[in-house]
Amino acid sequence: MWLVFALLSSVFAALTSILAKIGIDGVNSNLATAIRTAVVVVMAWGMVFLTHTQSGIPAISRRSWLFLILSGLATGASWLCYYRALQLGEASKVVPIDKLSVVITLVLAFVFLHEEFTLKSLVGCILIGAGTLIMVL
């Protein structure tokens with residue numbers, strides 16, 4: 001089931017890039033990010049209440065709160081940079097560079113989460129990096 005959600009995520013991410021590029025025309029990138037973020041907040045909390053999971057809030061540990069907040073800050077920084085890059089550049093060049101996050105994630109997962117880094121992972125990282133270079137140059 002995770003694969004279905006991962007594939008849907010990639011489709012929605014692609015739509016996000018195209019819709020954002022169209023919507024950001026003539027709009028300050030920070031303002032555009034704030035509008036997008038407000039919509040995401042409403043959707044996320046809507047799902048929490050729709051699925052009746054708000055009762056789990058008190059059970060969240062301090063450690064989880066810390067890392068969820070740090071993740072939120074990283075997301076915010078990513079979105080601000082992404083929208084500014086989209087405003088200044090072509091979506092067909094910004095998006096592949098943004099997707100280098102796959103390579104960075106694999107390396108960070110190996111270093112910090114001690115996840116396995118295989119020959120297949122290495123080849124994938126090299127191919128993604130090479131593909132990004134080819135698309136951007």
# chains A, B, ... in the order shown; residues from 1 in each chain; ligands from 1

call {"tool": "select_by_dssp", "arguments": {"residues": "chain A", "states": "alpha helix (DSSP H)", "output": "compact mmCIF listing (two decimals) with N, CA, C and O atoms, in the first residue's frame"}}
result
# COMPACT_ATOMS: atom_id res chain seq x y z
N TRP A 2 2.06 1.17 0.61
CA TRP A 2 2.93 2.34 0.65
C TRP A 2 3.31 2.77 -0.76
O TRP A 2 3.47 3.96 -1.04
N LEU A 3 3.43 1.81 -1.68
CA LEU A 3 3.82 2.13 -3.05
C LEU A 3 2.74 2.97 -3.74
O LEU A 3 3.06 3.92 -4.48
N VAL A 4 1.49 2.64 -3.50
CA VAL A 4 0.39 3.42 -4.09
C VAL A 4 0.47 4.86 -3.61
O VAL A 4 0.39 5.80 -4.41
N PHE A 5 0.66 5.04 -2.30
CA PHE A 5 0.74 6.40 -1.75
C PHE A 5 1.99 7.13 -2.25
O PHE A 5 1.95 8.33 -2.52
N ALA A 6 3.09 6.41 -2.41
CA ALA A 6 4.31 7.03 -2.93
C ALA A 6 4.12 7.49 -4.37
O ALA A 6 4.55 8.59 -4.75
N LEU A 7 3.47 6.66 -5.18
CA LEU A 7 3.19 7.04 -6.57
C LEU A 7 2.23 8.23 -6.63
O LEU A 7 2.44 9.16 -7.43
N LEU A 8 1.21 8.20 -5.82
CA LEU A 8 0.28 9.35 -5.76
C LEU A 8 1.01 10.62 -5.32
O LEU A 8 0.76 11.70 -5.85
N SER A 9 1.92 10.47 -4.38
CA SER A 9 2.71 11.60 -3.92
C SER A 9 3.50 12.22 -5.07
O SER A 9 3.55 13.44 -5.22
N SER A 10 4.09 11.37 -5.91
CA SER A 10 4.88 11.89 -7.02
C SER A 10 3.98 12.59 -8.05
O SER A 10 4.37 13.61 -8.61
N VAL A 11 2.78 12.06 -8.28
CA VAL A 11 1.85 12.72 -9.20
C VAL A 11 1.43 14.08 -8.66
O VAL A 11 1.46 15.09 -9.37
N PHE A 12 1.08 14.13 -7.36
CA PHE A 12 0.68 15.40 -6.77
C PHE A 12 1.85 16.38 -6.70
O PHE A 12 1.66 17.59 -6.87
N ALA A 13 3.05 15.89 -6.47
CA ALA A 13 4.23 16.76 -6.47
C ALA A 13 4.45 17.37 -7.84
O ALA A 13 4.79 18.55 -7.97
N ALA A 14 4.25 16.56 -8.89
CA ALA A 14 4.38 17.08 -10.26
C ALA A 14 3.33 18.15 -10.52
O ALA A 14 3.63 19.21 -11.07
N LEU A 15 2.10 17.88 -10.13
CA LEU A 15 1.04 18.88 -10.28
C LEU A 15 1.35 20.14 -9.49
O LEU A 15 1.10 21.25 -9.96
N THR A 16 1.91 19.96 -8.29
CA THR A 16 2.28 21.10 -7.46
C THR A 16 3.23 22.02 -8.21
O THR A 16 3.06 23.24 -8.21
N SER A 17 4.23 21.45 -8.85
CA SER A 17 5.22 22.25 -9.57
C SER A 17 4.59 23.04 -10.71
O SER A 17 4.85 24.24 -10.87
N ILE A 18 3.77 22.38 -11.50
CA ILE A 18 3.15 23.04 -12.65
C ILE A 18 2.16 24.10 -12.19
O ILE A 18 2.17 25.24 -12.67
N LEU A 19 1.30 23.75 -11.26
CA LEU A 19 0.30 24.70 -10.76
C LEU A 19 0.97 25.89 -10.07
O LEU A 19 0.53 27.04 -10.22
N ALA A 20 2.05 25.63 -9.33
CA ALA A 20 2.77 26.70 -8.65
C ALA A 20 3.42 27.65 -9.65
O ALA A 20 3.36 28.87 -9.49
N LYS A 21 4.02 27.09 -10.69
CA LYS A 21 4.68 27.92 -11.70
C LYS A 21 3.67 28.85 -12.37
O LYS A 21 3.94 30.02 -12.61
N ILE A 22 2.48 28.34 -12.65
CA ILE A 22 1.43 29.16 -13.25
C ILE A 22 0.93 30.19 -12.23
O ILE A 22 0.78 31.37 -12.55
N GLY A 23 0.69 29.75 -10.99
CA GLY A 23 0.11 30.61 -9.97
C GLY A 23 1.04 31.68 -9.44
O GLY A 23 0.58 32.73 -8.94
N SER A 29 7.16 35.45 -4.10
CA SER A 29 7.33 34.03 -3.81
C SER A 29 7.05 33.69 -2.34
O SER A 29 6.51 32.62 -2.04
N ASN A 30 7.38 34.59 -1.42
CA ASN A 30 7.10 34.34 0.00
C ASN A 30 5.60 34.35 0.27
O ASN A 30 5.09 33.52 1.03
N LEU A 31 4.88 35.27 -0.36
CA LEU A 31 3.43 35.32 -0.22
C LEU A 31 2.79 34.06 -0.81
O LEU A 31 1.89 33.47 -0.21
N ALA A 32 3.28 33.65 -1.96
CA ALA A 32 2.76 32.43 -2.58
C ALA A 32 2.98 31.21 -1.69
O ALA A 32 2.10 30.36 -1.54
N THR A 33 4.15 31.14 -1.07
CA THR A 33 4.45 30.03 -0.15
C THR A 33 3.50 30.07 1.04
O THR A 33 3.01 29.02 1.48
N ALA A 34 3.24 31.25 1.57
CA ALA A 34 2.34 31.37 2.72
C ALA A 34 0.92 30.92 2.36
O ALA A 34 0.26 30.23 3.14
N ILE A 35 0.46 31.28 1.17
CA ILE A 35 -0.87 30.86 0.73
C ILE A 35 -0.92 29.34 0.60
O ILE A 35 -1.84 28.68 1.10
N ARG A 36 0.09 28.77 -0.03
CA ARG A 36 0.16 27.31 -0.19
C ARG A 36 0.18 26.64 1.18
O ARG A 36 -0.50 25.64 1.40
N THR A 37 0.97 27.17 2.08
CA THR A 37 1.10 26.59 3.41
C THR A 37 -0.24 26.63 4.17
O THR A 37 -0.59 25.66 4.85
N ALA A 38 -0.96 27.73 4.04
CA ALA A 38 -2.27 27.84 4.71
C ALA A 38 -3.21 26.75 4.20
O ALA A 38 -3.94 26.14 4.99
N VAL A 39 -3.19 26.51 2.91
CA VAL A 39 -4.04 25.46 2.34
C VAL A 39 -3.63 24.09 2.89
O VAL A 39 -4.48 23.28 3.27
N VAL A 40 -2.32 23.83 2.96
CA VAL A 40 -1.82 22.56 3.47
C VAL A 40 -2.23 22.38 4.94
O VAL A 40 -2.65 21.29 5.35
N VAL A 41 -2.13 23.44 5.73
CA VAL A 41 -2.51 23.38 7.15
C VAL A 41 -3.99 23.01 7.30
O VAL A 41 -4.34 22.12 8.08
N VAL A 42 -4.84 23.66 6.53
CA VAL A 42 -6.28 23.37 6.60
C VAL A 42 -6.54 21.91 6.19
O VAL A 42 -7.30 21.20 6.85
N MET A 43 -5.89 21.47 5.11
CA MET A 43 -6.08 20.08 4.66
C MET A 43 -5.60 19.08 5.71
O MET A 43 -6.28 18.09 6.00
N ALA A 44 -4.42 19.33 6.28
CA ALA A 44 -3.86 18.39 7.26
C ALA A 44 -4.72 18.29 8.50
O ALA A 44 -5.03 17.18 8.97
N TRP A 45 -5.12 19.43 9.06
CA TRP A 45 -5.97 19.40 10.25
C TRP A 45 -7.36 18.85 9.93
O TRP A 45 -7.97 18.17 10.75
N GLY A 46 -7.82 19.09 8.71
CA GLY A 46 -9.09 18.50 8.28
C GLY A 46 -9.02 16.98 8.32
O GLY A 46 -9.95 16.31 8.79
N MET A 47 -7.91 16.41 7.86
CA MET A 47 -7.74 14.96 7.88
C MET A 47 -7.64 14.43 9.32
O MET A 47 -8.15 13.36 9.63
N VAL A 48 -6.98 15.20 10.19
CA VAL A 48 -6.87 14.79 11.60
C VAL A 48 -8.27 14.66 12.21
O VAL A 48 -8.58 13.65 12.86
N PHE A 49 -9.10 15.67 11.99
CA PHE A 49 -10.44 15.64 12.58
C PHE A 49 -11.36 14.66 11.87
O PHE A 49 -12.18 14.00 12.50
N LEU A 50 -11.20 14.52 10.55
CA LEU A 50 -12.00 13.57 9.79
C LEU A 50 -11.73 12.13 10.24
O LEU A 50 -12.64 11.31 10.30
N ARG A 62 8.20 14.36 23.87
CA ARG A 62 8.97 15.60 23.65
C ARG A 62 9.93 15.43 22.48
O ARG A 62 10.12 16.35 21.69
N ARG A 63 10.54 14.27 22.39
CA ARG A 63 11.48 13.99 21.30
C ARG A 63 10.77 14.09 19.95
O ARG A 63 11.27 14.69 19.00
N SER A 64 9.59 13.48 19.86
CA SER A 64 8.82 13.55 18.62
C SER A 64 8.43 14.99 18.30
O SER A 64 8.51 15.42 17.15
N TRP A 65 7.98 15.73 19.33
CA TRP A 65 7.65 17.15 19.12
C TRP A 65 8.85 17.90 18.53
O TRP A 65 8.71 18.65 17.57
N LEU A 66 10.02 17.69 19.14
CA LEU A 66 11.23 18.38 18.68
C LEU A 66 11.51 18.08 17.22
O LEU A 66 11.70 19.00 16.41
N PHE A 67 11.51 16.80 16.86
CA PHE A 67 11.86 16.43 15.49
C PHE A 67 10.76 16.79 14.49
O PHE A 67 11.05 17.12 13.33
N LEU A 68 9.51 16.77 14.92
CA LEU A 68 8.42 17.22 14.03
C LEU A 68 8.52 18.72 13.79
O LEU A 68 8.31 19.19 12.66
N ILE A 69 8.87 19.48 14.82
CA ILE A 69 9.05 20.93 14.65
C ILE A 69 10.24 21.21 13.75
O ILE A 69 10.16 22.05 12.84
N LEU A 70 11.35 20.52 13.97
CA LEU A 70 12.52 20.70 13.10
C LEU A 70 12.20 20.33 11.66
O LEU A 70 12.62 21.01 10.71
N SER A 71 11.44 19.26 11.47
CA SER A 71 11.02 18.85 10.13
C SER A 71 10.15 19.94 9.50
O SER A 71 10.28 20.24 8.31
N GLY A 72 9.27 20.54 10.29
CA GLY A 72 8.43 21.63 9.79
C GLY A 72 9.26 22.83 9.37
O GLY A 72 8.99 23.45 8.34
N LEU A 73 10.29 23.14 10.15
CA LEU A 73 11.17 24.25 9.79
C LEU A 73 11.93 23.95 8.49
O LEU A 73 12.07 24.82 7.62
N ALA A 74 12.38 22.71 8.35
CA ALA A 74 13.07 22.31 7.12
C ALA A 74 12.12 22.37 5.93
O ALA A 74 12.49 22.83 4.84
N THR A 75 10.88 21.93 6.13
CA THR A 75 9.88 22.01 5.07
C THR A 75 9.63 23.45 4.66
O THR A 75 9.59 23.78 3.47
N GLY A 76 9.47 24.31 5.65
CA GLY A 76 9.24 25.73 5.36
C GLY A 76 10.39 26.34 4.58
O GLY A 76 10.18 27.04 3.58
N ALA A 77 11.61 26.05 4.99
CA ALA A 77 12.79 26.57 4.28
C ALA A 77 12.83 26.03 2.85
O ALA A 77 13.11 26.77 1.90
N SER A 78 12.53 24.74 2.71
CA SER A 78 12.51 24.12 1.39
C SER A 78 11.48 24.79 0.49
O SER A 78 11.76 25.13 -0.66
N TRP A 79 10.28 24.98 0.99
CA TRP A 79 9.21 25.59 0.19
C TRP A 79 9.53 27.03 -0.19
O TRP A 79 9.27 27.45 -1.32
N LEU A 80 10.08 27.79 0.75
CA LEU A 80 10.45 29.18 0.44
C LEU A 80 11.49 29.23 -0.67
O LEU A 80 11.38 30.01 -1.63
N CYS A 81 12.50 28.38 -0.57
CA CYS A 81 13.54 28.32 -1.60
C CYS A 81 12.98 27.81 -2.92
O CYS A 81 13.31 28.33 -4.00
N TYR A 82 12.13 26.81 -2.85
CA TYR A 82 11.55 26.20 -4.05
C TYR A 82 10.70 27.22 -4.82
O TYR A 82 10.84 27.36 -6.04
N TYR A 83 9.85 27.94 -4.12
CA TYR A 83 8.99 28.93 -4.78
C TYR A 83 9.81 30.06 -5.37
O TYR A 83 9.51 30.55 -6.46
N ARG A 84 10.86 30.47 -4.69
CA ARG A 84 11.72 31.53 -5.23
C ARG A 84 12.43 31.03 -6.48
O ARG A 84 12.51 31.73 -7.49
N ALA A 85 12.93 29.80 -6.44
CA ALA A 85 13.59 29.21 -7.60
C ALA A 85 12.62 29.09 -8.77
O ALA A 85 12.97 29.39 -9.91
N LEU A 86 11.37 28.66 -8.48
CA LEU A 86 10.36 28.54 -9.54
C LEU A 86 10.05 29.90 -10.15
O LEU A 86 9.82 30.01 -11.35
N GLN A 87 10.02 30.92 -9.31
CA GLN A 87 9.73 32.26 -9.80
C GLN A 87 10.84 32.76 -10.72
O GLN A 87 10.58 33.42 -11.72
N LEU A 88 12.07 32.40 -10.41
CA LEU A 88 13.23 32.90 -11.17
C LEU A 88 13.61 32.00 -12.34
O LEU A 88 14.22 32.48 -13.31
N ALA A 91 10.50 25.69 -14.63
CA ALA A 91 10.09 24.52 -13.84
C ALA A 91 10.85 23.27 -14.29
O ALA A 91 11.23 22.45 -13.46
N SER A 92 11.10 23.15 -15.59
CA SER A 92 11.79 21.98 -16.11
C SER A 92 13.24 21.89 -15.66
O SER A 92 13.86 20.84 -15.79
N LYS A 93 13.78 22.97 -15.12
CA LYS A 93 15.13 22.94 -14.58
C LYS A 93 15.15 22.97 -13.05
O LYS A 93 16.00 22.35 -12.44
N VAL A 94 14.19 23.68 -12.47
CA VAL A 94 14.13 23.77 -11.01
C VAL A 94 13.77 22.41 -10.41
O VAL A 94 14.39 21.97 -9.44
N VAL A 95 12.78 21.74 -10.97
CA VAL A 95 12.27 20.50 -10.39
C VAL A 95 13.34 19.39 -10.34
O VAL A 95 13.49 18.75 -9.31
N PRO A 96 14.10 19.16 -11.42
CA PRO A 96 15.13 18.11 -11.30
C PRO A 96 16.16 18.41 -10.20
O PRO A 96 16.59 17.48 -9.50
N ILE A 97 16.53 19.66 -10.06
CA ILE A 97 17.48 20.01 -9.00
C ILE A 97 16.85 19.77 -7.63
O ILE A 97 17.48 19.22 -6.73
N ASP A 98 15.58 20.15 -7.50
CA ASP A 98 14.86 19.90 -6.25
C ASP A 98 14.83 18.41 -5.92
O ASP A 98 14.95 18.01 -4.77
N SER A 101 17.05 15.93 -3.77
CA SER A 101 16.76 15.60 -2.38
C SER A 101 16.71 14.08 -2.18
O SER A 101 16.98 13.59 -1.09
N VAL A 102 16.40 13.34 -3.23
CA VAL A 102 16.40 11.88 -3.15
C VAL A 102 17.80 11.38 -2.81
O VAL A 102 17.98 10.56 -1.91
N VAL A 103 18.79 11.90 -3.51
CA VAL A 103 20.19 11.50 -3.28
C VAL A 103 20.61 11.91 -1.87
O VAL A 103 21.20 11.12 -1.12
N ILE A 104 20.31 13.15 -1.51
CA ILE A 104 20.69 13.66 -0.19
C ILE A 104 20.01 12.85 0.91
O ILE A 104 20.63 12.51 1.93
N THR A 105 18.75 12.49 0.70
CA THR A 105 18.02 11.69 1.68
C THR A 105 18.66 10.32 1.87
O THR A 105 18.81 9.84 3.01
N LEU A 106 19.04 9.68 0.78
CA LEU A 106 19.69 8.36 0.88
C LEU A 106 20.98 8.44 1.68
O LEU A 106 21.24 7.59 2.54
N VAL A 107 21.78 9.47 1.43
CA VAL A 107 23.04 9.63 2.17
C VAL A 107 22.75 9.91 3.64
O VAL A 107 23.36 9.29 4.54
N LEU A 108 21.82 10.82 3.93
CA LEU A 108 21.49 11.14 5.32
C LEU A 108 20.87 9.95 6.05
O LEU A 108 21.14 9.74 7.24
N ALA A 109 20.06 9.15 5.35
CA ALA A 109 19.46 7.95 5.96
C ALA A 109 20.55 6.94 6.32
O ALA A 109 20.47 6.28 7.36
N PHE A 110 21.57 6.86 5.50
CA PHE A 110 22.70 5.97 5.79
C PHE A 110 23.48 6.48 7.00
O PHE A 110 23.78 5.71 7.92
N VAL A 111 23.77 7.78 7.03
CA VAL A 111 24.60 8.35 8.09
C VAL A 111 23.86 8.41 9.43
O VAL A 111 24.39 7.98 10.46
N PHE A 112 22.64 8.92 9.42
CA PHE A 112 21.94 9.18 10.69
C PHE A 112 20.98 8.07 11.12
O PHE A 112 20.76 7.87 12.31
N LEU A 119 24.98 -1.27 -3.26
CA LEU A 119 25.49 -0.95 -4.59
C LEU A 119 24.36 -0.39 -5.46
O LEU A 119 24.54 0.57 -6.20
N LYS A 120 23.17 -0.96 -5.30
CA LYS A 120 22.00 -0.49 -6.03
C LYS A 120 21.68 0.96 -5.65
O LYS A 120 21.37 1.78 -6.52
N SER A 121 21.79 1.30 -4.36
CA SER A 121 21.57 2.68 -3.91
C SER A 121 22.59 3.63 -4.52
O SER A 121 22.25 4.72 -4.96
N LEU A 122 23.83 3.19 -4.53
CA LEU A 122 24.91 4.00 -5.08
C LEU A 122 24.70 4.26 -6.57
O LEU A 122 24.80 5.40 -7.04
N VAL A 123 24.37 3.21 -7.31
CA VAL A 123 24.11 3.36 -8.74
C VAL A 123 22.92 4.29 -8.97
O VAL A 123 22.96 5.17 -9.84
N GLY A 124 21.87 4.12 -8.17
CA GLY A 124 20.70 4.99 -8.28
C GLY A 124 21.06 6.45 -8.04
O GLY A 124 20.63 7.34 -8.77
N CYS A 125 21.86 6.70 -7.00
CA CYS A 125 22.30 8.06 -6.70
C CYS A 125 23.10 8.66 -7.85
O CYS A 125 22.89 9.82 -8.23
N ILE A 126 23.99 7.86 -8.41
CA ILE A 126 24.81 8.33 -9.53
C ILE A 126 23.91 8.64 -10.74
O ILE A 126 24.08 9.68 -11.40
N LEU A 127 22.96 7.77 -11.02
CA LEU A 127 22.07 7.98 -12.16
C LEU A 127 21.18 9.21 -11.96
O LEU A 127 20.97 9.98 -12.90
N ILE A 128 20.66 9.39 -10.76
CA ILE A 128 19.84 10.57 -10.48
C ILE A 128 20.68 11.84 -10.63
O ILE A 128 20.25 12.81 -11.25
N GLY A 129 21.88 11.80 -10.08
CA GLY A 129 22.77 12.96 -10.20
C GLY A 129 23.12 13.26 -11.64
O GLY A 129 23.07 14.41 -12.09
N ALA A 130 23.45 12.21 -12.40
CA ALA A 130 23.79 12.39 -13.82
C ALA A 130 22.58 12.88 -14.61
O ALA A 130 22.69 13.78 -15.44
N GLY A 131 21.42 12.30 -14.32
CA GLY A 131 20.19 12.71 -15.00
C GLY A 131 19.86 14.17 -14.73
O GLY A 131 19.46 14.91 -15.63
N THR A 132 20.06 14.58 -13.50
CA THR A 132 19.81 15.98 -13.13
C THR A 132 20.75 16.90 -13.91
O THR A 132 20.32 17.91 -14.46
N LEU A 133 22.01 16.53 -13.95
CA LEU A 133 23.00 17.33 -14.70
C LEU A 133 22.62 17.44 -16.18
O LEU A 133 22.69 18.53 -16.75
N ILE A 134 22.24 16.33 -16.77
CA ILE A 134 21.86 16.33 -18.19
C ILE A 134 20.65 17.23 -18.42
O ILE A 134 20.60 17.99 -19.38
N MET A 135 19.67 17.17 -17.53
CA MET A 135 18.45 17.95 -17.71
C MET A 135 18.68 19.45 -17.50
O MET A 135 18.01 20.27 -18.11
N VAL A 136 19.60 19.79 -16.64
CA VAL A 136 19.82 21.19 -16.27
C VAL A 136 20.77 21.90 -17.23
O VAL A 136 20.64 23.10 -17.48

call {"tool": "atom_distance", "arguments": {"atom1": "CA of Leu100 in chain A", "atom2": "CA of Ile24 in chain A"}}
result
22.6 Å

call {"tool": "decode", "arguments": {"residues": "range 61-84 of chain A", "atoms": "N, CA and C atoms", "output": "PDB file, in the first residue's frame"}}
result
ATOM      1  N   SER A  61       5.571  12.341  22.329  1.00  0.00           N
ATOM      2  CA  SER A  61       6.711  12.566  23.226  1.00  0.00           C
ATOM      3  C   SER A  61       7.407  13.887  22.905  1.00  0.00           C
ATOM      4  N   ARG A  62       8.200  14.364  23.871  1.00  0.00           N
ATOM      5  CA  ARG A  62       8.974  15.599  23.653  1.00  0.00           C
ATOM      6  C   ARG A  62       9.934  15.433  22.477  1.00  0.00           C
ATOM      7  N   ARG A  63      10.545  14.273  22.389  1.00  0.00           N
ATOM      8  CA  ARG A  63      11.480  13.991  21.298  1.00  0.00           C
ATOM      9  C   ARG A  63      10.769  14.087  19.951  1.00  0.00           C
ATOM     10  N   SER A  64       9.589  13.484  19.865  1.00  0.00           N
ATOM     11  CA  SER A  64       8.823  13.553  18.622  1.00  0.00           C
ATOM     12  C   SER A  64       8.428  14.986  18.302  1.00  0.00           C
ATOM     13  N   TRP A  65       7.981  15.733  19.331  1.00  0.00           N
ATOM     14  CA  TRP A  65       7.647  17.152  19.116  1.00  0.00           C
ATOM     15  C   TRP A  65       8.846  17.901  18.532  1.00  0.00           C
ATOM     16  N   LEU A  66      10.018  17.694  19.136  1.00  0.00           N
ATOM     17  CA  LEU A  66      11.228  18.385  18.680  1.00  0.00           C
ATOM     18  C   LEU A  66      11.512  18.083  17.218  1.00  0.00           C
ATOM     19  N   PHE A  67      11.507  16.798  16.860  1.00  0.00           N
ATOM     20  CA  PHE A  67      11.861  16.430  15.491  1.00  0.00           C
ATOM     21  C   PHE A  67      10.765  16.788  14.490  1.00  0.00           C
ATOM     22  N   LEU A  68       9.510  16.766  14.919  1.00  0.00           N
ATOM     23  CA  LEU A  68       8.425  17.215  14.031  1.00  0.00           C
ATOM     24  C   LEU A  68       8.522  18.720  13.785  1.00  0.00           C
ATOM     25  N   ILE A  69       8.870  19.477  14.815  1.00  0.00           N
ATOM     26  CA  ILE A  69       9.045  20.928  14.654  1.00  0.00           C
ATOM     27  C   ILE A  69      10.243  21.212  13.749  1.00  0.00           C
ATOM     28  N   LEU A  70      11.353  20.520  13.969  1.00  0.00           N
ATOM     29  CA  LEU A  70      12.523  20.702  13.101  1.00  0.00           C
ATOM     30  C   LEU A  70      12.200  20.326  11.656  1.00  0.00           C
ATOM     31  N   SER A  71      11.436  19.257  11.471  1.00  0.00           N
ATOM     32  CA  SER A  71      11.016  18.854  10.134  1.00  0.00           C
ATOM     33  C   SER A  71      10.147  19.937   9.496  1.00  0.00           C
ATOM     34  N   GLY A  72       9.270  20.535  10.292  1.00  0.00           N
ATOM     35  CA  GLY A  72       8.432  21.628   9.794  1.00  0.00           C
ATOM     36  C   GLY A  72       9.256  22.832   9.370  1.00  0.00           C
ATOM     37  N   LEU A  73      10.291  23.144  10.147  1.00  0.00           N
ATOM     38  CA  LEU A  73      11.172  24.252   9.787  1.00  0.00           C
ATOM     39  C   LEU A  73      11.929  23.945   8.488  1.00  0.00           C
ATOM     40  N   ALA A  74      12.382  22.708   8.352  1.00  0.00           N
ATOM     41  CA  ALA A  74      13.071  22.312   7.121  1.00  0.00           C
ATOM     42  C   ALA A  74      12.118  22.374   5.925  1.00  0.00           C
ATOM     43  N   THR A  75      10.880  21.934   6.128  1.00  0.00           N
ATOM     44  CA  THR A  75       9.876  22.005   5.066  1.00  0.00           C
ATOM     45  C   THR A  75       9.629  23.449   4.661  1.00  0.00           C
ATOM     46  N   GLY A  76       9.469  24.309   5.653  1.00  0.00           N
ATOM     47  CA  GLY A  76       9.242  25.734   5.361  1.00  0.00           C
ATOM     48  C   GLY A  76      10.390  26.337   4.576  1.00  0.00           C
ATOM     49  N   ALA A  77      11.606  26.053   4.992  1.00  0.00           N
ATOM     50  CA  ALA A  77      12.786  26.574   4.285  1.00  0.00           C
ATOM     51  C   ALA A  77      12.832  26.026   2.853  1.00  0.00           C
ATOM     52  N   SER A  78      12.526  24.745   2.708  1.00  0.00           N
ATOM     53  CA  SER A  78      12.513  24.123   1.385  1.00  0.00           C
ATOM     54  C   SER A  78      11.480  24.793   0.485  1.00  0.00           C
ATOM     55  N   TRP A  79      10.276  24.983   0.991  1.00  0.00           N
ATOM     56  CA  TRP A  79       9.208  25.593   0.194  1.00  0.00           C
ATOM     57  C   TRP A  79       9.531  27.028  -0.186  1.00  0.00           C
ATOM     58  N   LEU A  80      10.085  27.791   0.753  1.00  0.00           N
ATOM     59  CA  LEU A  80      10.450  29.181   0.445  1.00  0.00           C
ATOM     60  C   LEU A  80      11.494  29.229  -0.675  1.00  0.00           C
ATOM     61  N   CYS A  81      12.497  28.376  -0.568  1.00  0.00           N
ATOM     62  CA  CYS A  81      13.542  28.321  -1.603  1.00  0.00           C
ATOM     63  C   CYS A  81      12.983  27.810  -2.921  1.00  0.00           C
ATOM     64  N   TYR A  82      12.131  26.806  -2.854  1.00  0.00           N
ATOM     65  CA  TYR A  82      11.546  26.202  -4.051  1.00  0.00           C
ATOM     66  C   TYR A  82      10.704  27.217  -4.817  1.00  0.00           C
ATOM     67  N   TYR A  83       9.854  27.941  -4.117  1.00  0.00           N
ATOM     68  CA  TYR A  83       8.994  28.927  -4.777  1.00  0.00           C
ATOM     69  C   TYR A  83       9.808  30.061  -5.374  1.00  0.00           C
ATOM     70  N   ARG A  84      10.855  30.474  -4.687  1.00  0.00           N
ATOM     71  CA  ARG A  84      11.718  31.533  -5.234  1.00  0.00           C
ATOM     72  C   ARG A  84      12.431  31.028  -6.484  1.00  0.00           C
TER      73      ARG A  84
END
